[in-house]
Structures are given as structure tokens and as C-alpha cells.
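Undergrad: This is the structure, below, for whatever I ask next.
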There are 2 protein chains.
Amino acid sequence: MVSMALNVGLILRLGYVRETWRAEQSLHGFGLEEKSQSRVASMAASSQKVAHVSRGKQVVSIDGTEIEDGGERVINLDHGDPTMYERFWQQTGDKNTFVISGWQYISYFSDVTNLCWFLEPEFAKAVVRLHKLVGNAITEDRYIVVGTGSTQLFQAALYALCPPNASEPMNVVSAAPFYSSYPLMTDFLKSGLYKWGGDAHKFSTDGPYIELVTSPNNPDGSTRQAVVNRNQGILMHDFAYYWPQYTPISFPADHDLMLFTVSKSTGHAGTRIGWALVKDKEVARKMTKFIEINTIGVSKDSQLRAARILQAVADSCDRVGSPEEVQPFFDYSYILMEKRWKQLRAAVKKSGLFSLPDFPSKFCNFSGRTFESQPGKCESFAWLKCEGEIEDCESFLRCHRILTRGGKHFGVCPKYVRISMLERDEMFDLFTERLSQIKL
Amino acid sequence: MVSMALNVGLILRLGYVRETWRAEQSLHGFGLEEKSQSRVASMAASSQKVAHVSRGKQVVSIDGTEIEDGGERVINLDHGDPTMYERFWQQTGDKNTFVISGWQYISYFSDVTNLCWFLEPEFAKAVVRLHKLVGNAITEDRYIVVGTGSTQLFQAALYALCPPNASEPMNVVSAAPFYSSYPLMTDFLKSGLYKWGGDAHKFSTDGPYIELVTSPNNPDGSTRQAVVNRNQGILMHDFAYYWPQYTPISFPADHDLMLFTVSKSTGHAGTRIGWALVKDKEVARKMTKFIEINTIGVSKDSQLRAARILQAVADSCDRVGSPEEVQPFFDYSYILMEKRWKQLRAAVKKSGLFSLPDFPSKFCNFSGRTFESQPGKCESFAWLKCEGEIEDCESFLRCHRILTRGGKHFGVCPKYVRISMLERDEMFDLFTERLSQIKL
């Protein structure tokens, strides 16, 4: 009986690992590339539920071959899954519980008087309040378009910005290193409206183009401006990380088309809600049209939950100084990010094999009010460089059971990797501990 | 003071109507056509919140010109907004209230051991249970792919079924009258992978193609089979309406790729959740990839709420015969649909200007167990024909303040219109009353 149970257990584990490996193949990079690399199997870092299976001595699969793991847990920091924020929300208890009756919000329509007819007014209100409080974006005289994450809004914006009857697809460019999903999101349907044009620094084709400006930048955290700066250029600003826990808020952003998302601002990636602030009415109308054709609007349940979460963040920051209240969300998250960056810099220093970018400190208008010390940049990703003779940093770290995303996915050389800083504490501690001990 | 208030009221109403008219322009047909027709303004039928503004004597806008309405309320039955079900869910009280804490389900990932890594296991379980209970689809040995409505799954399926490196885009066809959004959903991004090939009855191009089979069909409710039937054909079955309230369930559907949605099955259109049952693993994998690139998965909040609703439907049907329990959902909805169809047929008869299709009665394996009488087809849309000399039925009804969707949007002649049968009672009663009194 015991023997049989053990055998069944082994078979189940093998089955689990095979399936996990396949899942990982399809997951790599959130749409990064069709032909995914061979990879270590465990996705344990991404899901608390299955974390136990990758602990201790176990079977894992590399390149489809089962091997003994040797007892070292796989650390997956490839994705920017923002589970770091879970603890903050746990601490708030039932206060931010979202409740919706079976009969509520069943219609397709949210507000037919709004150009974006599927935008829940509660959500729009929460967006405006938070931007005003944080001071990171101008909301006056803008149209708000809600999307199923900023990913859908990115595609909606491409559709809206490209003329429907042009003879050639419009070039879409971004300065390398750029967000690894941009090329595939632009090209996966082989659209006749737009095509990926590569690194903006090398862009020399005449005619109209769209430049994607991600600031702070994913993967390297740099503050970005447009680099092409030609007459027929259209700009799209991805401000997913322009929040006080990641970077000083020096000014309210004031561009034609700006994308934001709850995934990175509050950590609610599973809710799939983003928003665009759009100056031009016709662009907002066409973005709305895209979302109408693509998904007939955006989940109301999610918009309402996101509204509640954004209001909770604003409430926590509005109540600074009141001892009974919950810690301000951006204090909590900035302090944790700062701690992690110190921990990572110490590990990098101890190992001696890697380096990290250094960014100049700036004054943060928002956190200047709440923090005693001057905050620096605490990016959601570390842009780690392998120094010396290590040419392929992703493969090198993979040999140490650390999964990261290599430079070539971001349009640069493989000496760089992107590492998520947003994992749960336990995983992050394990990572810095292991990194600090890596020797050649 | 009174005079000023009246003026302000008039200005506000004018402003409202202008905005509403613009919203309606962009709404027409859920992505039906870019250049929308000139239309009567009121969206009142679509939203209870604003219903009052279209009552009584008021200002509306046709072709952008403000005119006096003459006191007749606009009845909008253009969209299939399933608000009819609201009352059922209200009657269930708090039983189906969905509750989610601020810290729950914040990760991108639902189940990394599943090929569809963003599929919530609770939702998958509810889907399988309901299909088994209703007997409308085989779920054994299928992959379940969840989508942001079946609209997103339709596009995911096109992406999955078309080879990425073909020299020509694949033709996508459907027998007329076909769902009015198919052409635009296929062509709006000018994809190099697929293109709209028109009416399947007229399709004569050689080579591979995809045929969309919607059964019961939107708009006309007919039971459908594939019509092209050639060697290189791939079928996609849209079963949005294959539920007992609309049509007899004669057999569990057993096709390669089948689409379903909560919008039409339970009425929760605002939740934006659909699912696909897929035989082939590679197709399911590529559909998952599409949704990963398009929206990085599907809202967990919505999947969990949809799971609760589907379980509630199944519970209500499992408990037949127990007097304390809630009425079985499909009894409630079928009885209401049957009443509406009787009412509509009486109105059509009284007017003498219109006709409706007649469908043969079939045995329903599901409701045969619960209904005393033999159920017929009670489609979610009425496919009304203007008889005699009325050539443009949509325009004719619009003159009577009834908004419908004309035949040309479905690939057939303008003598036909599609009319939603899923509106709230009050609107539906007003509609049949007005229709019955229309004279030439």
C-alpha cells in the first residue's frame, strides 16, 4: 500500500512536471516569442498554490528530459507578477472586499452618454482622484478609455493611430532596450495597418511612425523621452511604472496618449484593468471602437473592483498622520522596494560578477510630502549585467536555477537580463541569497 | 426663476441628446461598421439609468438635426442586451452575491499546470457541470479556453486556425444571414492571416477556408450545419444560443471547436466571459497564446463571478421538484421567452404588415424532463420580414421609433430586420403594442 502510494505519487509528480514545463513553454514572456526556449520546468515562483512541488529533492525537466534537481529550488523571476503587494492588501483585512449581487451590472452598457460607453463612472472617478493625489498625470480635458489591461489599450491605440487606408503599414518603434512584448503585440496578426519597426535609435525610414515611450522604462528603469523626434511622428506613452514606489514623481505627465494599469500600480494583475488618458476625441473614439470589436467592452466586475482598490489607495494616502489608519500604500510599497534594492545591490557586490544601472536621484513631489529621506528610483525590474566573460547572462543564471529574461528579447545584447523585483518576500530573499554566492 | 430653470433643462437635454447620439453612432452593431448610419438618438432601451430621458415629449436627433419627438418613446431593440434575465437574478436575492477580498487573486496566473494557464479551475468546473446537466455539449477530452467573451475567443480561434506563414490570408465564411459582427471582427486589423470571404453559400475559392456555423443562428434562429463541406475546410461552431430557453436541446454538440458565452446563457453580458471547448491541443495552445498576447489572460474576478452564476443555474435545475427552492433558471427563461414569442406573433398578425420564420418543433432532451408542454424554438432574436412594398424594413420601423438592425448587415436584403427579444419587460411590451398598431 505504501509502495503503491509512493509510485502513484511519483507518477503524479512526473505528470505535474511535464505539464508545468509545457505551460511554462507557452508562458514565456507573455507573448514574447512563439518558439520559446528550452527552459527549467517549475513555475512555482509564480503561484503560491504549487510552490511546494519545487522544494527539496524532486524531478524537473530541462529540454524535455527528466533530471534530478539536486535539491535546489527553481527561482522564477522572468515575469513581473506583482505578488509583492499581496501582504499589504492582506493587512487591510475586509475593508477592501468587493461585493456584487447576482443581478447587478448585467448589461453590456455602463454609461451611454460617455464616448467610452463601457467605462464604469465609479472607475473613472477613482482614476481621476488618484492621479490628482499622486500628481503623476494631467486628467483635465482628457478622455478616459478603460481596457482589459494596458496590453489591450496598446493595441487599441495602434488601431486608432493608423489611417485605415494607407498603402503601407505604419512603423512602430521604441528605443532599445524596449519592453519585450512590443514586437509580438504589434506583429502577431500581420496587420496591414502597422508593423514593428525596431529600435527607435536606428529608425531611418521616412514617413509617419509611432514611437512608444515607456517611462520609467521596462526593462531598465531609465526615464525616457522620445528619441526620433520627426515631423510625422506620433507618440504613445506607457506609464505603467510612473508611480511613487518606483520612481520620483517630478511632474504630472501631459502627453497626447498615456497608458496606465492596476497591475503595476496596485498589484492587481489578475483583475486585468488598465486605462488610457487621451487628448484627441477621435483617437479616444477609435480606441473605444477597437475594444468594442475585440471584446465588446471591458468587464464591469473588474472595473468596479479596480475602482474600490484605487479608492483604497487614495484613502490610505489621504489619511497620512492618523495613527489608527492603515499605512499609506505608496509608503508601504516604496519602503519594501527600497529594502529589496539594498538587498540586491549587496548581493551583486558580494558576488562580484554582475552590475546594475545607477540612476540620478530626483525630487519626488508626491513622496516628498510623506517620506523623511529623499527617495531614489526603485524599479520594478532589475536590469542586471553579467560582467567579464559571461556572454549569455540568462543561460548563466539558468544554470543556477534562476529564471530571468535575457537582453535579446529587449533588442540588446545577451549580457543583460531583466529580473522581476515584485515577487513574494520568500522568493526574493532566496534569490538574493543565491545570487550573492554565485562564483565562476 | 421657473423660466430660467426650463431653459437650463432644455439646454441640458439638448446636450444629453447630442452626446447620446454620438455614443449611439459609435455603438451601432457592436463593431458592425465604421461608417454608421444616421440613427435616432436614444439609447434608453439599453440602460435603465437613462430610460426616463426618452419618455414623453422630448428632443431627439436624427441625422444630426434636432427635431421634436412628438411624445413617442424610442424603442431600441438593435442590440442583444440580455437585461431580460435581471429579474430572475433579483429574485434569488443575496444567494448569488459574489465576494472577493482585496488581496485575493492578484497574480496573473490561475493554474500553471493547465495549458490555459489563466483559466480559473472553479470556472472550468462550473462549465463542465452545466454542460453535463443540460446535455448541450460534450466536454470529455476537450481543452477549455476561457476568453473575454466569445468575441475574443472567435479572434483567438482565427489566429489559432490560420498557418502563420501562408502566402495568402485564409478565407473566413458563413452562410447568410450571418452574425453582423463577423465581417468586421475578421477584417478590422487587415490581418495577413485571414480575411472575410462572405456568404458561405456563394463561396467558390479553392484552398483552405474557415466556415463559421452559428446554431441556433444569429439573426434568424435557424438550426445550422456547415454548407461548404470541402476537403480543406475548418469549422468553428458558435453555440452562444444553444441553451434550453432558446431551442430544443436535441443532442450534445460534438465539434472540434465550440464557442459559448455567459452573456446569452445566463444574461451576464457585463461580465465579459466566454469559453471554448477545443479538441485539438495545438489549437487550444494557440488560442491561449492569442489571449496572452491580446490581454495577458482573462479577468479572474469575472471568471469567479461567472463560476458562481453557472453553479447557481446548475443548482436551480438540479433541485427541480423541491418547492422551497428557486425556480429552475431554464424554466423561468423559457416560459418568459415563450410568452414573448406569443405576444410578438399576435402583434405581427394584428398589424398584417410583417412575417416571422416558422421552425419545426423538436424534442428537447433537457427541458423534456421539466416542461409539460413540448417546447418550441424561442429565439433570442426575431427575424422579422416586412411584407408587400416595404423594401427597407429598418428605415420603416425607425419612422415608428423602433430601432432594429437591417438585413444588409447580415448579408441579405433590407426587407428583413433583427429584433432583440431579450430586453426588459416594459420595453418589450411597449414594442409589441406599437408594432401591432402599425399601418401603412
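Scheme for the C-alpha cells: letters A, B, ... for chains in order shown; per-chain residue numbers from 1; ligand numbers from 1 in order shown.
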Within 10 Å of Tyr85 (chain A), counting only C-alpha atoms, which residues qualify if same-chain residues fewer than 4 places away don't, as a ChimeraX atom specification?
TA: /A:81,89-90,264-268,329,332-333,336,422-425 /B:103,106-107
Undergrad: For N, CA, C and O atoms, I'd like the residues from the last selection saved as a PDB file, in the first residue's frame.
TA:
ATOM      1  N   ASP A  81       5.187  39.412 -12.155  1.00  0.00           N
ATOM      2  CA  ASP A  81       3.936  39.130 -11.437  1.00  0.00           C
ATOM      3  C   ASP A  81       3.981  39.839 -10.076  1.00  0.00           C
ATOM      4  O   ASP A  81       4.803  39.500  -9.225  1.00  0.00           O
ATOM      5  N   TRP A  89      -2.350  44.157   1.017  1.00  0.00           N
ATOM      6  CA  TRP A  89      -3.810  44.037   0.910  1.00  0.00           C
ATOM      7  C   TRP A  89      -4.373  43.083   1.956  1.00  0.00           C
ATOM      8  O   TRP A  89      -5.493  43.270   2.431  1.00  0.00           O
ATOM      9  N   GLN A  90      -3.574  42.097   2.351  1.00  0.00           N
ATOM     10  CA  GLN A  90      -3.996  41.215   3.441  1.00  0.00           C
ATOM     11  C   GLN A  90      -4.134  41.996   4.738  1.00  0.00           C
ATOM     12  O   GLN A  90      -5.071  41.793   5.508  1.00  0.00           O
ATOM     13  N   LYS A 264       0.515  47.113 -12.172  1.00  0.00           N
ATOM     14  CA  LYS A 264       1.762  47.613 -11.619  1.00  0.00           C
ATOM     15  C   LYS A 264       1.559  48.692 -10.555  1.00  0.00           C
ATOM     16  O   LYS A 264       2.407  48.872  -9.687  1.00  0.00           O
ATOM     17  N   SER A 265       0.452  49.393 -10.612  1.00  0.00           N
ATOM     18  CA  SER A 265       0.253  50.448  -9.618  1.00  0.00           C
ATOM     19  C   SER A 265      -0.197  49.883  -8.277  1.00  0.00           C
ATOM     20  O   SER A 265       0.306  50.279  -7.234  1.00  0.00           O
ATOM     21  N   THR A 266      -1.148  48.939  -8.281  1.00  0.00           N
ATOM     22  CA  THR A 266      -1.662  48.395  -7.010  1.00  0.00           C
ATOM     23  C   THR A 266      -1.344  46.916  -6.838  1.00  0.00           C
ATOM     24  O   THR A 266      -1.581  46.358  -5.775  1.00  0.00           O
ATOM     25  N   GLY A 267      -0.883  46.259  -7.895  1.00  0.00           N
ATOM     26  CA  GLY A 267      -0.539  44.841  -7.825  1.00  0.00           C
ATOM     27  C   GLY A 267      -1.638  43.896  -8.267  1.00  0.00           C
ATOM     28  O   GLY A 267      -1.459  42.686  -8.232  1.00  0.00           O
ATOM     29  N   HIS A 268      -2.789  44.418  -8.713  1.00  0.00           N
ATOM     30  CA  HIS A 268      -3.911  43.545  -9.080  1.00  0.00           C
ATOM     31  C   HIS A 268      -3.849  43.131 -10.555  1.00  0.00           C
ATOM     32  O   HIS A 268      -4.706  43.492 -11.362  1.00  0.00           O
ATOM     33  N   PHE A 329      -0.382  53.307   1.103  1.00  0.00           N
ATOM     34  CA  PHE A 329       0.046  52.263   0.175  1.00  0.00           C
ATOM     35  C   PHE A 329       1.410  52.547  -0.442  1.00  0.00           C
ATOM     36  O   PHE A 329       2.259  51.659  -0.547  1.00  0.00           O
ATOM     37  N   TYR A 332       4.240  51.982   2.087  1.00  0.00           N
ATOM     38  CA  TYR A 332       4.485  50.542   2.249  1.00  0.00           C
ATOM     39  C   TYR A 332       5.304  50.008   1.072  1.00  0.00           C
ATOM     40  O   TYR A 332       6.325  49.343   1.247  1.00  0.00           O
ATOM     41  N   SER A 333       4.841  50.314  -0.124  1.00  0.00           N
ATOM     42  CA  SER A 333       5.465  49.702  -1.304  1.00  0.00           C
ATOM     43  C   SER A 333       6.838  50.305  -1.587  1.00  0.00           C
ATOM     44  O   SER A 333       7.768  49.595  -1.970  1.00  0.00           O
ATOM     45  N   LEU A 336       9.361  48.854   0.963  1.00  0.00           N
ATOM     46  CA  LEU A 336       9.699  47.470   0.613  1.00  0.00           C
ATOM     47  C   LEU A 336      10.611  47.404  -0.610  1.00  0.00           C
ATOM     48  O   LEU A 336      11.598  46.661  -0.636  1.00  0.00           O
ATOM     49  N   LEU A 422       9.216  42.087  -8.048  1.00  0.00           N
ATOM     50  CA  LEU A 422       7.874  42.174  -7.453  1.00  0.00           C
ATOM     51  C   LEU A 422       7.356  40.860  -6.875  1.00  0.00           C
ATOM     52  O   LEU A 422       6.189  40.746  -6.526  1.00  0.00           O
ATOM     53  N   GLU A 423       8.223  39.861  -6.783  1.00  0.00           N
ATOM     54  CA  GLU A 423       7.804  38.570  -6.239  1.00  0.00           C
ATOM     55  C   GLU A 423       7.550  38.638  -4.730  1.00  0.00           C
ATOM     56  O   GLU A 423       7.917  39.615  -4.077  1.00  0.00           O
ATOM     57  N   ARG A 424       6.991  37.562  -4.201  1.00  0.00           N
ATOM     58  CA  ARG A 424       6.781  37.484  -2.749  1.00  0.00           C
ATOM     59  C   ARG A 424       8.137  37.484  -2.016  1.00  0.00           C
ATOM     60  O   ARG A 424       9.151  37.053  -2.576  1.00  0.00           O
ATOM     61  N   ASP A 425       8.136  37.925  -0.758  1.00  0.00           N
ATOM     62  CA  ASP A 425       9.360  38.073   0.042  1.00  0.00           C
ATOM     63  C   ASP A 425      10.247  36.827   0.029  1.00  0.00           C
ATOM     64  O   ASP A 425      11.454  36.917  -0.199  1.00  0.00           O
TER      65      ASP A 425
ATOM     66  N   TRP B 103      -7.036  41.240  -1.304  1.00  0.00           N
ATOM     67  CA  TRP B 103      -5.745  40.592  -1.544  1.00  0.00           C
ATOM     68  C   TRP B 103      -5.865  39.318  -2.380  1.00  0.00           C
ATOM     69  O   TRP B 103      -4.850  38.720  -2.745  1.00  0.00           O
ATOM     70  N   ILE B 106      -4.590  38.141  -7.044  1.00  0.00           N
ATOM     71  CA  ILE B 106      -3.923  39.296  -7.649  1.00  0.00           C
ATOM     72  C   ILE B 106      -2.881  38.893  -8.681  1.00  0.00           C
ATOM     73  O   ILE B 106      -2.476  39.710  -9.496  1.00  0.00           O
ATOM     74  N   SER B 107      -2.461  37.638  -8.683  1.00  0.00           N
ATOM     75  CA  SER B 107      -1.453  37.183  -9.646  1.00  0.00           C
ATOM     76  C   SER B 107      -2.022  37.093 -11.069  1.00  0.00           C
ATOM     77  O   SER B 107      -3.222  36.984 -11.260  1.00  0.00           O
TER      78      SER B 107
END
Undergrad: So the first atom is CA of Ile100 (chain B) and the second is CA of Thr97 (chain A); what is the distance between them in Å, to one decimal place?
TA: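 Calculated distance between CA of Ile100 (chain B) and CA of Thr97 (chain A) is 5.5 Å.
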Undergrad: Excluding Arg285 (chain B) and its own-chain neighbours fewer than 3 positions away, which residues fall within 9 Å of it when counting only C-alpha atoms? Please give them as a PDB file with N, CA, C and O atoms, in the first residue's frame.
TA:
ATOM      1  N   SER A  26       4.596  27.817 -23.014  1.00  0.00           N
ATOM      2  CA  SER A  26       3.641  28.727 -23.640  1.00  0.00           C
ATOM      3  C   SER A  26       3.614  30.069 -22.925  1.00  0.00           C
ATOM      4  O   SER A  26       3.188  31.066 -23.469  1.00  0.00           O
TER       5      SER A  26
ATOM      6  N   LEU B 115      -2.849  23.936 -19.580  1.00  0.00           N
ATOM      7  CA  LEU B 115      -2.422  24.540 -20.851  1.00  0.00           C
ATOM      8  C   LEU B 115      -2.939  25.982 -20.936  1.00  0.00           C
ATOM      9  O   LEU B 115      -2.206  26.890 -21.321  1.00  0.00           O
ATOM     10  N   CYS B 116      -4.206  26.198 -20.565  1.00  0.00           N
ATOM     11  CA  CYS B 116      -4.748  27.556 -20.489  1.00  0.00           C
ATOM     12  C   CYS B 116      -4.471  28.068 -19.078  1.00  0.00           C
ATOM     13  O   CYS B 116      -5.292  27.925 -18.166  1.00  0.00           O
ATOM     14  N   VAL B 145     -10.788  26.746 -23.053  1.00  0.00           N
ATOM     15  CA  VAL B 145     -10.067  28.025 -23.112  1.00  0.00           C
ATOM     16  C   VAL B 145     -11.067  29.111 -22.739  1.00  0.00           C
ATOM     17  O   VAL B 145     -12.141  29.205 -23.350  1.00  0.00           O
ATOM     18  N   ALA B 160      -5.509  30.906 -34.218  1.00  0.00           N
ATOM     19  CA  ALA B 160      -5.030  29.539 -33.986  1.00  0.00           C
ATOM     20  C   ALA B 160      -5.181  28.665 -35.226  1.00  0.00           C
ATOM     21  O   ALA B 160      -4.370  27.751 -35.458  1.00  0.00           O
ATOM     22  N   ASP B 280      -8.452  19.823 -30.348  1.00  0.00           N
ATOM     23  CA  ASP B 280      -7.034  19.722 -30.686  1.00  0.00           C
ATOM     24  C   ASP B 280      -6.168  20.541 -29.725  1.00  0.00           C
ATOM     25  O   ASP B 280      -6.411  21.737 -29.499  1.00  0.00           O
ATOM     26  N   LYS B 281      -5.153  19.888 -29.180  1.00  0.00           N
ATOM     27  CA  LYS B 281      -4.309  20.536 -28.188  1.00  0.00           C
ATOM     28  C   LYS B 281      -3.558  21.745 -28.750  1.00  0.00           C
ATOM     29  O   LYS B 281      -3.431  22.787 -28.096  1.00  0.00           O
ATOM     30  N   GLU B 282      -3.059  21.597 -29.965  1.00  0.00           N
ATOM     31  CA  GLU B 282      -2.273  22.677 -30.567  1.00  0.00           C
ATOM     32  C   GLU B 282      -3.153  23.911 -30.820  1.00  0.00           C
ATOM     33  O   GLU B 282      -2.714  25.049 -30.647  1.00  0.00           O
ATOM     34  N   THR B 288      -4.835  30.075 -26.549  1.00  0.00           N
ATOM     35  CA  THR B 288      -4.319  30.589 -25.275  1.00  0.00           C
ATOM     36  C   THR B 288      -3.250  31.652 -25.531  1.00  0.00           C
ATOM     37  O   THR B 288      -3.218  32.703 -24.878  1.00  0.00           O
ATOM     38  N   LYS B 289      -2.406  31.372 -26.513  1.00  0.00           N
ATOM     39  CA  LYS B 289      -1.345  32.328 -26.873  1.00  0.00           C
ATOM     40  C   LYS B 289      -1.945  33.655 -27.346  1.00  0.00           C
ATOM     41  O   LYS B 289      -1.462  34.734 -26.972  1.00  0.00           O
ATOM     42  N   PHE B 290      -2.983  33.578 -28.161  1.00  0.00           N
ATOM     43  CA  PHE B 290      -3.631  34.805 -28.641  1.00  0.00           C
ATOM     44  C   PHE B 290      -4.105  35.654 -27.459  1.00  0.00           C
ATOM     45  O   PHE B 290      -3.871  36.859 -27.402  1.00  0.00           O
TER      46      PHE B 290
END
Undergrad: For Gly80 (chain B), please output as a JSON list (two decimals) with N, CA and C atoms, in the first residue's frame all residues within 10 Å (counting only C-alpha atoms; exclusion window: fewer than 6 positions along the same chain).
TA:
[["chain", "number", "residue", "atom", "x", "y", "z"],
["A", 107, "SER", "N", -25.88, 44.29, -17.86],
["A", 107, "SER", "CA", -25.95, 44.85, -19.22],
["A", 107, "SER", "C", -24.56, 45.03, -19.83],
["A", 108, "TYR", "N", -24.50, 45.09, -21.15],
["A", 108, "TYR", "CA", -23.25, 45.45, -21.84],
["A", 108, "TYR", "C", -22.84, 46.89, -21.53],
["B", 29, "GLY", "N", -24.20, 48.31, -33.59],
["B", 29, "GLY", "CA", -23.87, 46.98, -34.09],
["B", 29, "GLY", "C", -22.70, 46.31, -33.41],
["B", 30, "PHE", "N", -22.22, 46.79, -32.27],
["B", 30, "PHE", "CA", -21.05, 46.19, -31.64],
["B", 30, "PHE", "C", -19.99, 45.91, -32.69],
["B", 46, "SER", "N", -31.38, 50.60, -23.75],
["B", 46, "SER", "CA", -30.22, 49.83, -23.34],
["B", 46, "SER", "C", -29.80, 50.08, -21.90],
["B", 263, "SER", "N", -22.98, 35.69, -21.57],
["B", 263, "SER", "CA", -23.89, 36.78, -21.97],
["B", 263, "SER", "C", -25.26, 36.23, -22.34],
["B", 264, "LYS", "N", -25.28, 35.21, -23.18],
["B", 264, "LYS", "CA", -26.55, 34.71, -23.69],
["B", 264, "LYS", "C", -27.11, 33.55, -22.87],
["B", 269, "ALA", "N", -23.93, 39.79, -19.52],
["B", 269, "ALA", "CA", -23.13, 40.35, -20.61],
["B", 269, "ALA", "C", -22.01, 41.25, -20.08],
["B", 380, "SER", "N", -33.58, 34.21, -29.38],
["B", 380, "SER", "CA", -33.23, 35.44, -28.70],
["B", 380, "SER", "C", -33.42, 36.66, -29.61],
["B", 381, "PHE", "N", -33.50, 36.41, -30.91],
["B", 381, "PHE", "CA", -33.80, 37.49, -31.84],
["B", 381, "PHE", "C", -35.00, 37.09, -32.69],
["B", 418, "ARG", "N", -33.46, 42.38, -37.68],
["B", 418, "ARG", "CA", -33.27, 41.58, -36.47],
["B", 418, "ARG", "C", -33.74, 42.40, -35.28],
["B", 419, "ILE", "N", -34.49, 41.78, -34.41],
["B", 419, "ILE", "CA", -35.06, 42.46, -33.24],
["B", 419, "ILE", "C", -34.69, 41.67, -31.99],
["B", 420, "SER", "N", -34.09, 42.36, -31.03],
["B", 420, "SER", "CA", -33.73, 41.67, -29.78],
["B", 420, "SER", "C", -34.98, 41.30, -28.99],
["B", 421, "MET", "N", -35.03, 40.06, -28.52],
["B", 421, "MET", "CA", -36.15, 39.59, -27.68],
["B", 421, "MET", "C", -35.76, 39.60, -26.21],
["B", 422, "LEU", "N", -34.57, 40.16, -25.87],
["B", 422, "LEU", "CA", -34.02, 39.99, -24.53],
["B", 422, "LEU", "C", -34.09, 41.24, -23.65],
["B", 423, "GLU", "N", -34.83, 42.25, -24.12],
["B", 423, "GLU", "CA", -34.94, 43.48, -23.34],
["B", 423, "GLU", "C", -35.81, 43.29, -22.09]]
